[in-house]
$ cat target.txt   # compact mmCIF, C-alpha atoms
# COMPACT_ATOMS: atom_id res chain seq x y z
CA MET A 1 -1.79 4.55 -55.48
CA LYS A 2 -4.90 5.52 -53.54
CA LYS A 3 -4.26 7.79 -50.55
CA ILE A 4 -5.77 6.77 -47.20
CA PRO A 5 -7.54 9.73 -45.54
CA ILE A 6 -5.92 10.94 -42.30
CA SER A 7 -9.15 10.32 -40.35
CA LYS A 8 -9.21 6.69 -41.51
CA LEU A 9 -5.53 6.26 -40.69
CA LEU A 10 -6.09 7.62 -37.17
CA PHE A 11 -9.06 5.28 -36.75
CA TYR A 12 -6.91 2.25 -37.68
CA LEU A 13 -4.12 3.40 -35.36
CA ILE A 14 -6.49 3.78 -32.40
CA ILE A 15 -8.18 0.44 -33.07
CA GLY A 16 -4.81 -1.24 -33.56
CA ALA A 17 -3.07 0.36 -30.56
CA PRO A 18 -4.15 -2.26 -27.97
CA ILE A 19 -2.97 -5.07 -30.28
CA TRP A 20 0.43 -3.44 -30.74
CA MET A 21 0.69 -2.72 -27.01
CA PHE A 22 -0.09 -6.34 -26.18
CA LEU A 23 2.36 -7.69 -28.81
CA THR A 24 5.08 -5.33 -27.52
CA TRP A 25 4.46 -6.59 -23.98
CA LEU A 26 4.58 -10.19 -25.24
CA VAL A 27 8.03 -9.85 -26.86
CA TRP A 28 9.44 -7.62 -24.11
CA PRO A 29 12.32 -9.44 -22.35
CA LYS A 30 11.70 -10.82 -18.85
CA LYS A 31 13.78 -9.53 -15.93
CA LYS A 32 14.48 -11.83 -13.00
CA LEU A 33 13.97 -10.34 -9.55
CA THR A 34 13.27 -12.73 -6.69
CA ILE A 35 10.93 -11.05 -4.21
CA ALA A 36 9.62 -12.51 -0.97
CA ILE A 37 6.12 -10.97 -0.82
CA VAL A 38 4.30 -11.24 2.52
CA ASP A 39 0.54 -10.62 2.67
CA LYS A 40 -1.52 -11.78 5.65
CA THR A 41 -4.75 -9.96 4.80
CA ILE A 42 -6.35 -11.76 1.88
CA LEU A 43 -10.08 -12.28 2.26
CA PHE A 44 -10.79 -13.04 -1.37
CA THR A 45 -8.78 -14.76 -4.08
CA SER A 46 -8.55 -11.43 -5.93
CA GLY A 47 -5.60 -10.70 -3.61
CA GLN A 48 -6.32 -6.98 -3.63
CA GLU A 49 -3.89 -6.24 -0.80
CA HIS A 50 -0.94 -6.82 -3.13
CA ALA A 51 -2.70 -6.60 -6.52
CA SER A 52 -1.12 -3.31 -7.57
CA LEU A 53 2.39 -4.63 -6.83
CA ASN A 54 1.63 -7.68 -8.99
CA TRP A 55 0.29 -5.42 -11.74
CA ILE A 56 3.60 -3.53 -11.85
CA LEU A 57 5.69 -6.71 -11.76
CA ARG A 58 3.73 -8.21 -14.67
CA ASN A 59 3.57 -5.03 -16.73
CA ASN A 60 7.36 -4.62 -16.44
CA LYS A 61 7.96 -8.36 -16.99
CA TYR A 62 9.67 -8.94 -13.63
CA GLY A 63 9.80 -12.69 -12.99
CA LYS A 64 10.52 -14.86 -9.95
CA THR A 65 12.75 -16.84 -12.34
CA SER A 66 14.06 -15.85 -15.76
CA THR A 67 11.03 -17.59 -17.33
CA ASP A 68 8.13 -17.39 -14.81
CA LEU A 69 6.26 -14.19 -14.04
CA TYR A 70 4.66 -13.61 -10.62
CA GLU A 71 1.20 -15.06 -10.08
CA LEU A 72 -1.13 -12.99 -7.92
CA LYS A 73 -2.83 -15.93 -6.23
CA LYS A 74 0.18 -18.02 -5.31
CA ASP A 75 3.48 -16.14 -5.23
CA TYR A 76 3.45 -14.76 -1.69
CA PHE A 77 3.71 -15.86 1.95
CA GLY A 78 0.71 -15.52 4.23
CA PHE A 79 -3.01 -16.29 4.23
CA PHE A 80 -4.39 -18.34 1.33
CA PRO A 81 -8.18 -18.45 0.95
CA ASN A 82 -9.68 -21.70 -0.36
CA LYS A 83 -13.20 -22.83 -1.22
CA ASN A 84 -15.81 -23.60 1.45
CA ARG A 85 -14.34 -21.22 4.04
CA LYS A 86 -11.16 -23.24 4.31
CA PHE A 87 -7.76 -21.60 4.22
CA ASP A 88 -4.07 -22.41 4.25
CA LEU A 89 -1.46 -20.60 6.29
CA LYS A 90 1.78 -20.40 4.38
CA GLY A 91 3.57 -17.63 6.22
CA LEU A 92 7.17 -17.42 7.36
CA GLU A 93 6.04 -18.91 10.70
CA ARG A 94 6.56 -22.39 9.19
CA PHE A 95 10.27 -21.75 8.64
CA SER A 96 13.09 -22.79 10.94
CA GLU A 97 15.97 -20.37 11.41
CA LYS A 98 17.89 -22.39 8.82
CA GLY A 99 14.96 -22.04 6.40
CA LEU A 100 14.80 -18.28 6.97
CA GLU A 101 18.54 -18.03 6.36
CA ARG A 102 18.16 -19.92 3.08
CA LEU A 103 15.24 -17.69 2.06
CA SER A 104 17.24 -14.55 2.85
CA GLN A 105 20.03 -15.87 0.61
CA ASN A 106 17.70 -16.74 -2.29
CA ALA A 107 15.44 -13.68 -2.16
CA GLU A 108 16.83 -10.50 -3.67
CA MET A 109 14.29 -8.31 -1.90
CA ALA A 110 11.36 -8.43 0.55
CA TYR A 111 8.02 -6.62 0.33
CA PHE A 112 5.63 -6.79 3.30
CA THR A 113 2.35 -5.51 1.85
CA ASP A 114 -0.01 -6.14 4.78
CA THR A 115 0.23 -7.94 8.13
CA TYR A 116 -3.11 -6.81 9.59
CA GLY A 117 -4.50 -10.31 9.18
CA VAL A 118 -7.85 -12.01 8.83
CA TYR A 119 -10.53 -12.02 11.51
CA SER A 120 -13.06 -14.76 12.30
CA LYS A 121 -16.34 -13.06 11.33
CA GLU A 122 -14.91 -11.57 8.15
CA TRP A 123 -13.74 -15.00 7.12
CA TYR A 124 -16.59 -17.25 8.15
CA LEU A 125 -19.29 -14.86 6.91
CA GLU A 126 -17.26 -14.30 3.74
CA LYS A 127 -17.55 -10.55 3.72
CA ASN A 128 -15.70 -7.48 4.78
CA ILE A 129 -17.28 -7.04 8.21
CA ILE A 130 -16.79 -3.63 9.75
CA GLU A 131 -16.95 -4.90 13.32
CA ARG A 132 -13.92 -5.89 15.32
CA GLN A 133 -13.55 -9.56 16.13
CA ARG A 134 -11.23 -12.44 16.93
CA LEU A 135 -7.96 -12.65 15.00
CA LEU A 136 -7.53 -15.82 12.96
CA TYR A 137 -4.09 -14.98 11.61
CA GLY A 138 -2.04 -11.80 11.42
CA GLY A 139 0.51 -9.46 12.91
CA LEU A 140 4.25 -9.37 12.29
CA SER A 141 5.68 -12.58 13.78
CA ALA A 142 9.08 -13.27 15.36
CA GLN A 143 9.98 -15.27 12.21
CA ASP A 144 9.02 -12.34 9.95
CA MET A 145 11.23 -10.08 12.03
CA LEU A 146 14.15 -12.50 11.95
CA PHE A 147 13.85 -12.70 8.17
CA LEU A 148 13.80 -8.88 7.86
CA LYS A 149 16.94 -8.65 10.01
CA LYS A 150 18.70 -11.21 7.83
CA MET A 151 17.71 -9.26 4.69
CA LYS A 152 18.92 -6.03 6.28
CA ALA A 153 22.26 -7.61 7.22
CA LYS A 154 22.68 -8.79 3.61
CA LYS A 155 21.96 -5.21 2.39
CA LYS A 156 19.00 -6.42 0.36
CA LEU A 157 16.07 -4.16 -0.46
CA ILE A 158 13.21 -4.16 2.06
CA ILE A 159 9.87 -2.46 1.42
CA THR A 160 7.24 -2.44 4.16
CA GLU A 161 3.86 -0.74 4.44
CA PHE A 162 1.23 0.52 6.83
CA ASN A 163 0.36 -1.99 9.49
CA THR A 164 3.57 -3.98 9.26
CA PHE A 165 4.25 -3.35 12.94
CA ALA A 166 0.98 -1.92 14.32
CA THR A 167 -2.02 -3.80 15.78
CA PRO A 168 -2.18 -6.89 15.99
CA THR A 169 1.64 -7.29 16.10
CA PRO A 170 2.87 -8.38 19.57
CA GLU A 171 4.48 -5.50 21.44
CA ASN A 172 7.95 -7.07 21.68
CA VAL A 173 8.07 -7.71 17.90
CA ALA A 174 6.81 -4.17 17.17
CA LYS A 175 9.55 -2.73 19.42
CA ASP A 176 12.15 -4.85 17.65
CA PHE A 177 10.97 -3.52 14.28
CA GLU A 178 11.02 0.09 15.53
CA GLN A 179 14.56 -0.26 16.89
CA THR A 180 15.84 -2.10 13.81
CA PHE A 181 14.56 0.49 11.33
CA LYS A 182 14.55 3.61 13.52
CA ILE A 183 10.86 4.44 13.17
CA LYS A 184 8.12 4.69 15.76
CA TRP A 185 4.36 4.37 15.54
CA THR A 186 2.52 7.07 17.49
CA GLY A 187 -0.43 4.71 17.98
CA TRP A 188 -2.65 6.66 15.54
CA VAL A 189 -4.13 5.47 12.23
CA GLY A 190 -6.53 7.38 10.01
CA LYS A 191 -8.69 7.25 6.91
CA TYR A 192 -10.73 9.60 4.74
CA PHE A 193 -14.48 8.99 4.49
CA ASP A 194 -16.49 10.64 1.71
CA SER A 195 -19.46 10.99 4.07
CA PHE A 196 -19.90 10.75 7.84
CA ASP A 197 -23.65 10.59 7.40
CA THR A 198 -24.57 7.22 8.91
CA THR A 199 -27.79 7.05 6.90
CA GLN A 200 -25.85 7.46 3.63
CA ASN A 201 -22.52 5.72 4.19
CA ARG A 202 -22.56 2.04 5.17
CA GLU A 203 -18.76 1.87 4.94
CA ILE A 204 -18.18 3.60 8.26
CA PRO A 205 -17.14 0.90 10.74
CA ARG A 206 -19.83 0.38 13.40
CA TRP A 207 -17.22 0.30 16.17
CA LEU A 208 -15.94 3.72 15.08
CA ILE A 209 -19.37 5.32 15.57
CA ASP A 210 -20.08 3.44 18.83
CA LYS A 211 -16.71 4.30 20.37
CA TYR A 212 -17.00 7.96 19.39
CA LYS A 213 -20.49 8.20 20.90
CA LEU A 214 -19.27 6.52 24.08
CA GLN A 215 -16.51 9.12 24.38
CA ASN A 216 -18.69 12.11 23.39
CA HIS A 217 -21.99 12.05 25.33
CA ASN A 218 -23.70 9.78 22.80
CA GLN A 219 -23.30 12.40 20.04
CA TRP A 220 -22.40 11.80 16.37
CA PRO A 221 -23.03 15.23 14.83
CA PHE A 222 -21.22 14.64 11.51
CA LYS A 223 -22.80 14.65 8.06
CA LYS A 224 -20.08 15.83 5.65
CA SER A 225 -16.85 14.15 4.51
CA GLY A 226 -13.63 14.16 6.51
CA ILE A 227 -10.93 12.19 8.29
CA ALA A 228 -11.35 9.70 11.13
CA LEU A 229 -8.35 9.07 13.39
CA VAL A 230 -8.18 6.14 15.80
CA ASN A 231 -5.47 5.37 18.32
CA LYS A 232 -4.49 2.01 19.78
CA GLU A 233 -6.38 2.82 23.00
CA ASP A 234 -9.51 3.25 20.81
CA LYS A 235 -9.69 7.02 21.23
CA ILE A 236 -11.55 8.40 18.21
CA VAL A 237 -10.99 11.83 16.65
CA ILE A 238 -13.16 13.09 13.79
CA LEU A 239 -12.15 16.00 11.59
CA GLU A 240 -15.07 17.11 9.43
CA TYR A 241 -14.74 19.06 6.21
CA VAL A 242 -15.64 22.77 6.65
CA THR A 243 -16.12 22.32 10.44
CA HIS A 244 -12.44 21.41 11.01
CA LEU A 245 -10.82 20.89 7.60
CA VAL A 246 -9.98 23.36 4.86
CA SER A 247 -9.12 20.51 2.49
CA GLU A 248 -11.21 17.38 2.99
CA ILE A 249 -8.63 14.72 2.02
CA PRO A 250 -5.09 14.13 3.32
CA LEU A 251 -2.55 15.22 0.72
CA ILE A 252 0.83 13.58 0.10
CA VAL A 253 3.39 16.29 -0.60
CA THR A 254 6.87 15.71 -2.08
CA ALA A 255 9.81 18.12 -2.41
CA LYS A 256 11.43 18.78 -5.79
CA LYS A 257 14.51 16.54 -5.43
CA GLU A 258 12.46 13.51 -4.39
CA ARG A 259 9.86 14.24 -7.11
CA GLN A 260 12.62 13.99 -9.70
CA THR A 261 14.12 10.84 -8.18
CA TYR A 262 10.85 8.90 -8.06
CA GLN A 263 8.93 10.66 -10.88
CA ILE A 264 6.02 11.48 -8.57
CA PRO A 265 3.82 14.62 -8.40
CA LYS A 266 4.26 17.53 -6.01
CA ARG A 267 0.97 16.69 -4.31
CA ILE A 268 -1.66 13.98 -4.57
CA LYS A 269 -4.76 13.14 -2.54
CA TYR A 270 -4.69 9.95 -0.47
CA PRO A 271 -8.15 8.73 0.61
CA PHE A 272 -7.24 5.38 2.22
CA TRP A 273 -5.74 4.03 5.48
CA PHE A 274 -2.55 5.66 6.80
CA ASP A 275 -0.60 5.67 10.05
CA VAL A 276 1.06 8.49 11.95
CA VAL A 277 4.72 7.54 12.33
CA GLN A 278 7.84 9.27 13.62
CA THR A 279 11.35 8.65 12.35
CA SER A 280 14.91 9.36 13.47
CA ARG A 281 17.38 11.37 11.38
CA THR A 282 18.95 8.10 10.20
CA ASN A 283 16.08 7.93 7.73
CA LYS A 284 14.93 10.33 5.06
CA ILE A 285 11.35 11.56 4.69
CA VAL A 286 10.67 11.26 0.96
CA SER A 287 7.06 12.54 1.14
CA PHE A 288 4.81 13.75 3.93
CA TYR A 289 1.08 13.91 4.66
CA ASP A 290 -0.52 17.29 4.98
CA ILE A 291 -3.84 17.59 6.81
CA LYS A 292 -5.11 21.09 6.13
CA THR A 293 -7.19 22.23 9.10
CA ASN A 294 -8.73 25.48 10.25
CA LYS A 295 -8.04 26.84 13.78
CA LYS A 296 -10.67 24.55 15.33
CA GLY A 297 -9.24 21.46 13.63
CA LEU A 298 -5.68 22.36 14.61
CA GLU A 299 -6.74 22.58 18.26
CA ILE A 300 -8.26 19.08 18.14
CA LEU A 301 -5.02 17.71 16.62
CA ALA A 302 -2.88 19.53 19.21
CA ASN A 303 -5.01 18.23 22.11
CA ASN A 304 -4.36 14.68 20.87
CA ASN A 305 -0.67 15.18 20.05
CA ILE A 306 -1.28 14.55 16.34
CA PRO A 307 0.82 16.73 14.02
CA PRO A 308 -0.92 18.21 10.94
CA GLN A 309 2.09 17.06 8.89
CA PHE A 310 3.85 13.71 9.28
CA PRO A 311 5.81 11.21 7.13
CA ALA A 312 4.15 9.44 4.18
CA ILE A 313 7.26 7.67 2.87
CA ILE A 314 10.33 6.95 4.95
CA ALA A 315 13.51 5.73 3.26
CA HIS A 316 16.97 4.59 4.21
CA TYR A 317 18.71 3.79 0.94
CA GLU A 318 22.36 3.73 1.91
CA LYS A 319 25.40 1.44 1.70
CA ASP A 320 24.65 -0.15 5.09
CA TYR A 321 21.06 -1.20 4.23
CA LYS A 322 18.11 -0.41 1.95
CA PHE A 323 14.71 0.13 3.51
CA PHE A 324 11.40 1.84 2.72
CA TYR A 325 8.34 2.26 4.88
CA PHE A 326 5.14 3.44 3.17
CA CYS A 327 2.94 5.00 5.86
CA GLY A 328 -0.25 3.91 4.11
CA ASP A 329 -1.99 0.93 2.53
CA TYR A 330 -0.38 1.68 -0.84
CA ALA A 331 -0.30 -1.78 -2.45
CA ASP A 332 -4.00 -2.30 -1.71
CA ASN A 333 -5.72 -0.78 -4.71
CA PRO A 334 -8.76 -1.87 -6.75
CA ILE A 335 -6.76 -1.79 -9.99
CA SER A 336 -7.90 -4.13 -12.78
CA GLN A 337 -5.25 -6.74 -13.63
CA GLY A 338 -6.15 -6.87 -17.34
CA GLY A 339 -4.29 -3.67 -18.17
CA SER A 340 -0.95 -5.09 -17.03
CA TYR A 341 -0.57 -7.03 -20.33
CA PHE A 342 -0.27 -3.83 -22.39
CA LYS A 343 3.07 -2.06 -22.78
CA GLY A 344 2.76 1.73 -22.69
CA ILE A 345 -0.72 1.69 -21.14
CA SER A 346 0.40 4.52 -18.81
CA TYR A 347 0.02 6.97 -21.70
CA PHE A 348 -3.73 6.34 -21.53
CA ARG A 349 -3.98 6.37 -17.72
CA ASN A 350 -6.30 9.39 -17.62
CA LEU A 351 -9.02 7.25 -19.19
CA PHE A 352 -9.07 4.94 -16.15
CA TYR A 353 -10.04 7.31 -13.37
CA ASN A 354 -12.08 10.38 -12.56
CA ASP A 355 -9.99 12.64 -10.35
CA ASP A 356 -13.04 14.71 -9.40
CA VAL A 357 -14.35 11.86 -7.21
CA ALA A 358 -12.74 12.45 -3.81
CA ALA A 359 -12.75 8.82 -2.65
CA GLU A 360 -11.36 7.24 -5.84
CA ARG A 361 -7.99 5.55 -5.39
CA ILE A 362 -7.05 4.57 -8.95
CA SER A 363 -5.32 7.93 -9.65
CA PHE A 364 -3.01 7.25 -6.69
CA PHE A 365 -1.89 4.01 -8.35
CA TRP A 366 -1.19 5.60 -11.75
CA GLU A 367 0.32 8.90 -10.66
CA PHE A 368 2.17 7.94 -7.48
CA TYR A 369 2.52 4.26 -6.57
CA LYS A 370 3.36 2.92 -10.03
CA PRO A 371 6.15 5.41 -10.93
CA MET A 372 7.54 5.19 -7.39
CA ILE A 373 7.77 1.38 -7.35
CA GLU A 374 9.07 1.22 -10.91
CA ASN A 375 11.86 3.67 -10.06
CA ILE A 376 12.80 1.81 -6.86
CA LEU A 377 12.88 -1.58 -8.63
CA GLU A 378 14.76 -0.32 -11.68
CA ARG A 379 17.42 1.40 -9.59
CA TYR A 380 17.85 -1.62 -7.33
CA ARG A 381 18.03 -4.06 -10.24
CA GLU A 382 20.73 -1.95 -11.93
CA GLU A 383 22.73 -2.06 -8.69
CA LEU A 384 22.35 -5.84 -8.46
CA LYS A 385 23.57 -6.17 -12.06
CA SER A 386 26.60 -3.94 -11.46
CA HIS A 387 27.56 -5.98 -8.36
CA LYS A 388 27.48 -9.20 -10.38
CA HIS A 389 29.90 -7.83 -12.99

$ encode --input "target.txt" --output "structure tokens"
Amino acid sequence: MKKIPISKLLFYLIIGAPIWMFLTWLVWPKKKLTIAIVDKTILFTSGQEHASLNWILRNNKYGKTSTDLYELKKDYFGFFPNKNRKFDLKGLERFSEKGLERLSQNAEMAYFTDTYGVYSKEWYLEKNIIERQRLLYGGLSAQDMLFLKKMKAKKKLIITEFNTFATPTPENVAKDFEQTFKIKWTGWVGKYFDSFDTTQNREIPRWLIDKYKLQNHNQWPFKKSGIALVNKEDKIVILEYVTHLVSEIPLIVTAKKERQTYQIPKRIKYPFWFDVVQTSRTNKIVSFYDIKTNKKGLEILANNNIPPQFPAIIAHYEKDYKFFYFCGDYADNPISQGGSYFKGISYFRNLFYNDDVAAERISFFWEFYKPMIENILERYREELKSHKH
């Protein structure tokens, strides 16, 4: 019998790997987990604001029923974009209290990915406008809050994210959320920008520059990368790399015990939107943000009552209720959906991103968000199964 050379064998294995990965995914058994997903910030049918959650659900074969997997474009509550600038609103606002009660009985968990909403200019001009304008739909509503309380009372898993209870949520609903889950928004949100040079970076919101100039004698002296912080009164704080920052990007840092529980790294960069939140001792801080400043930067933070370290993930996973708050826009990630049909694709994850690019967000999905969500869902599903037996 003729021997196949090792090099040829390896070639066939590499070429055949995607086929085997897809076939393995195809025959992998489905797992039913009924999730009420709420997303109010969908400008395009790509559904990016909850795309990475959907990726994980599909890759792990979680289904809304024992036969149907989740569909990105239809299996959620919130804003539904249509053709010709039309849209449908299918949020929890349509439900009566009876309907919300029924939903809280049927759903095994809730995930609020984004309640920021959609604004008129963004929608009618069909692009991601960086000006502030009139709200078409958004904010946590009284019905959303009632549903969350019902889920909490039934000890069902609740995951919420950045902007669930910040602007444009009405103040009374935000207070209700804060009291119910023992967390408090400081009024500050922030984001990393890979360049503050207005001639180079068109992604910097116009209002951010205008407001800063208004507050600082018409000056915008920044050219490098850094972090912009905005509070609900529109006060703007800019921390520029080298001038104020020792490390240009916020880092998410996790202690050893939590790293082992959720299979996440000790530290990872986070270059997207986050909020500065406080929590009571009822909750546990799983991970925290670390903004590494020099003396000058630390003074700016202190003058604005912003701590250099603050929660990134807050959890209360106890017998009385199960709740997570991700202090960032974690489910919003430009991850390609195609990869979700391949079992074991994580082993090749390093091929999908270049960690040297400061602003890239794909590494955050692979190294942090994906293992974290998979661990939370797996643990919760095991608990559900043990309760049924």

$ atom_distance --input "target.txt" --atom1 "CA of Leu72 in chain A" --atom2 "CA of Asp332 in chain A"
12.7 Å

$ residues_around --input "target.txt" --residues "Thr293 in chain A" --least-positions-apart "4" --cutoff "10 Å" --atoms "only C-alpha atoms" --output "list in words"
Leu239, Glu240, Tyr241, Val242, Thr243, His244, Leu245, Val246, Ser247, Glu248, Gly297, Leu298, Glu299, Ile300, Leu301 and Pro308 of chain A

$ residues_around --input "target.txt" --residues "range 322-328 of chain A" --least-positions-apart "3" --cutoff "7 Å" --atoms "only C-alpha atoms" --output "VMD selection string"
chain A and resid 155 to 162 273 to 275 311 to 318

$ residues_around --input "target.txt" --residues "Ile227 in chain A" --least-positions-apart "2" --cutoff "8 Å" --atoms "all atoms listed in the file" --output "ChimeraX atom specification"
/A:190-193,225,229,238-240,248-250

$ residues_around --input "target.txt" --residues "range 52-64 of chain A" --least-positions-apart "3" --cutoff "8 Å" --atoms "only C-alpha atoms" --output "PDB file with C-alpha atoms, keeping the file's coordinate frame"
ATOM      1  CA  TRP A  25       4.460  -6.590 -23.980  1.00  0.00           C
ATOM      2  CA  TRP A  28       9.440  -7.620 -24.110  1.00  0.00           C
ATOM      3  CA  PRO A  29      12.320  -9.440 -22.350  1.00  0.00           C
ATOM      4  CA  LYS A  30      11.700 -10.820 -18.850  1.00  0.00           C
ATOM      5  CA  LYS A  31      13.780  -9.530 -15.930  1.00  0.00           C
ATOM      6  CA  LYS A  32      14.480 -11.830 -13.000  1.00  0.00           C
ATOM      7  CA  LEU A  33      13.970 -10.340  -9.550  1.00  0.00           C
ATOM      8  CA  THR A  34      13.270 -12.730  -6.690  1.00  0.00           C
ATOM      9  CA  ILE A  35      10.930 -11.050  -4.210  1.00  0.00           C
ATOM     10  CA  GLN A  48      -6.320  -6.980  -3.630  1.00  0.00           C
ATOM     11  CA  GLU A  49      -3.890  -6.240  -0.800  1.00  0.00           C
ATOM     12  CA  THR A  67      11.030 -17.590 -17.330  1.00  0.00           C
ATOM     13  CA  ASP A  68       8.130 -17.390 -14.810  1.00  0.00           C
ATOM     14  CA  LEU A  69       6.260 -14.190 -14.040  1.00  0.00           C
ATOM     15  CA  TYR A  70       4.660 -13.610 -10.620  1.00  0.00           C
ATOM     16  CA  GLU A  71       1.200 -15.060 -10.080  1.00  0.00           C
ATOM     17  CA  LEU A  72      -1.130 -12.990  -7.920  1.00  0.00           C
ATOM     18  CA  ALA A 331      -0.300  -1.780  -2.450  1.00  0.00           C
ATOM     19  CA  ASP A 332      -4.000  -2.300  -1.710  1.00  0.00           C
ATOM     20  CA  ASN A 333      -5.720  -0.780  -4.710  1.00  0.00           C
ATOM     21  CA  PRO A 334      -8.760  -1.870  -6.750  1.00  0.00           C
ATOM     22  CA  ILE A 335      -6.760  -1.790  -9.990  1.00  0.00           C
ATOM     23  CA  GLN A 337      -5.250  -6.740 -13.630  1.00  0.00           C
ATOM     24  CA  SER A 340      -0.950  -5.090 -17.030  1.00  0.00           C
ATOM     25  CA  TYR A 341      -0.570  -7.030 -20.330  1.00  0.00           C
ATOM     26  CA  PHE A 342      -0.270  -3.830 -22.390  1.00  0.00           C
ATOM     27  CA  LYS A 343       3.070  -2.060 -22.780  1.00  0.00           C
ATOM     28  CA  PHE A 365      -1.890   4.010  -8.350  1.00  0.00           C
ATOM     29  CA  LYS A 370       3.360   2.920 -10.030  1.00  0.00           C
ATOM     30  CA  ILE A 373       7.770   1.380  -7.350  1.00  0.00           C
ATOM     31  CA  GLU A 374       9.070   1.220 -10.910  1.00  0.00           C
TER      32      GLU A 374
END

$ atom_distance --input "target.txt" --atom1 "CA of Leu384 in chain A" --atom2 "CA of Tyr321 in chain A"
13.6 Å

$ atom_distance --input "target.txt" --atom1 "CA of Pro205 in chain A" --atom2 "CA of Ser141 in chain A"
26.7 Å

$ closest_atom_pairs --input "target.txt" --of "range 179-279 of chain A" --to "range 167-175 of chain A" --cutoff "9 Å" --atoms "all atoms listed in the file" --output "tab-separated table"
residue	atom	partner	partner_atom	distance
A:Gln179	CA	A:Lys175	CA	6.1
A:Thr180	CA	A:Lys175	CA	8.5
A:Lys184	CA	A:Lys175	CA	8.4
A:Gly187	CA	A:Thr167	CA	8.9
A:Lys232	CA	A:Thr167	CA	7.5

$ build_atoms --input "target.txt" --residues "range 263-268 of chain A" --atoms "all heavy atoms" --output "PDB file, in the coordinates of the input"
ATOM      1  N   GLN A 263       9.901  10.314  -9.817  1.00  0.00           N
ATOM      2  CA  GLN A 263       8.930  10.660 -10.880  1.00  0.00           C
ATOM      3  C   GLN A 263       7.494  10.729 -10.349  1.00  0.00           C
ATOM      4  O   GLN A 263       6.560  10.162 -10.931  1.00  0.00           O
ATOM      5  CB  GLN A 263       9.007   9.625 -12.021  1.00  0.00           C
ATOM      6  CG  GLN A 263      10.394   9.458 -12.626  1.00  0.00           C
ATOM      7  CD  GLN A 263      10.799  10.642 -13.511  1.00  0.00           C
ATOM      8  OE1 GLN A 263      10.173  10.898 -14.515  1.00  0.00           O
ATOM      9  NE2 GLN A 263      11.817  11.373 -13.107  1.00  0.00           N
ATOM     10  N   ILE A 264       7.351  11.371  -9.193  1.00  0.00           N
ATOM     11  CA  ILE A 264       6.020  11.480  -8.570  1.00  0.00           C
ATOM     12  C   ILE A 264       5.595  12.948  -8.495  1.00  0.00           C
ATOM     13  O   ILE A 264       6.436  13.836  -8.532  1.00  0.00           O
ATOM     14  CB  ILE A 264       5.992  10.820  -7.156  1.00  0.00           C
ATOM     15  CG1 ILE A 264       7.150  11.320  -6.285  1.00  0.00           C
ATOM     16  CG2 ILE A 264       6.011   9.301  -7.274  1.00  0.00           C
ATOM     17  CD1 ILE A 264       7.197  10.746  -4.881  1.00  0.00           C
ATOM     18  N   PRO A 265       4.283  13.220  -8.388  1.00  0.00           N
ATOM     19  CA  PRO A 265       3.820  14.620  -8.400  1.00  0.00           C
ATOM     20  C   PRO A 265       4.111  15.362  -7.098  1.00  0.00           C
ATOM     21  O   PRO A 265       4.398  14.743  -6.068  1.00  0.00           O
ATOM     22  CB  PRO A 265       2.315  14.477  -8.610  1.00  0.00           C
ATOM     23  CG  PRO A 265       1.958  13.118  -8.120  1.00  0.00           C
ATOM     24  CD  PRO A 265       3.163  12.256  -8.336  1.00  0.00           C
ATOM     25  N   LYS A 266       4.017  16.663  -7.176  1.00  0.00           N
ATOM     26  CA  LYS A 266       4.260  17.530  -6.010  1.00  0.00           C
ATOM     27  C   LYS A 266       3.257  17.226  -4.909  1.00  0.00           C
ATOM     28  O   LYS A 266       3.600  17.144  -3.743  1.00  0.00           O
ATOM     29  CB  LYS A 266       4.142  18.989  -6.437  1.00  0.00           C
ATOM     30  CG  LYS A 266       4.493  19.974  -5.345  1.00  0.00           C
ATOM     31  CD  LYS A 266       4.470  21.402  -5.863  1.00  0.00           C
ATOM     32  CE  LYS A 266       4.894  22.382  -4.777  1.00  0.00           C
ATOM     33  NZ  LYS A 266       4.939  23.767  -5.299  1.00  0.00           N
ATOM     34  N   ARG A 267       1.981  17.067  -5.298  1.00  0.00           N
ATOM     35  CA  ARG A 267       0.970  16.690  -4.310  1.00  0.00           C
ATOM     36  C   ARG A 267      -0.080  15.793  -4.928  1.00  0.00           C
ATOM     37  O   ARG A 267      -0.389  15.908  -6.105  1.00  0.00           O
ATOM     38  CB  ARG A 267       0.338  17.916  -3.649  1.00  0.00           C
ATOM     39  CG  ARG A 267      -0.268  18.952  -4.559  1.00  0.00           C
ATOM     40  CD  ARG A 267      -0.984  20.016  -3.721  1.00  0.00           C
ATOM     41  NE  ARG A 267      -0.085  20.650  -2.777  1.00  0.00           N
ATOM     42  CZ  ARG A 267       0.659  21.712  -3.046  1.00  0.00           C
ATOM     43  NH1 ARG A 267       0.579  22.266  -4.239  1.00  0.00           N
ATOM     44  NH2 ARG A 267       1.454  22.228  -2.149  1.00  0.00           N
ATOM     45  N   ILE A 268      -0.593  14.875  -4.117  1.00  0.00           N
ATOM     46  CA  ILE A 268      -1.660  13.980  -4.570  1.00  0.00           C
ATOM     47  C   ILE A 268      -2.550  13.645  -3.380  1.00  0.00           C
ATOM     48  O   ILE A 268      -2.071  13.547  -2.243  1.00  0.00           O
ATOM     49  CB  ILE A 268      -1.076  12.696  -5.228  1.00  0.00           C
ATOM     50  CG1 ILE A 268      -2.182  11.929  -5.974  1.00  0.00           C
ATOM     51  CG2 ILE A 268      -0.355  11.811  -4.214  1.00  0.00           C
ATOM     52  CD1 ILE A 268      -1.680  10.908  -6.972  1.00  0.00           C
TER      53      ILE A 268
END
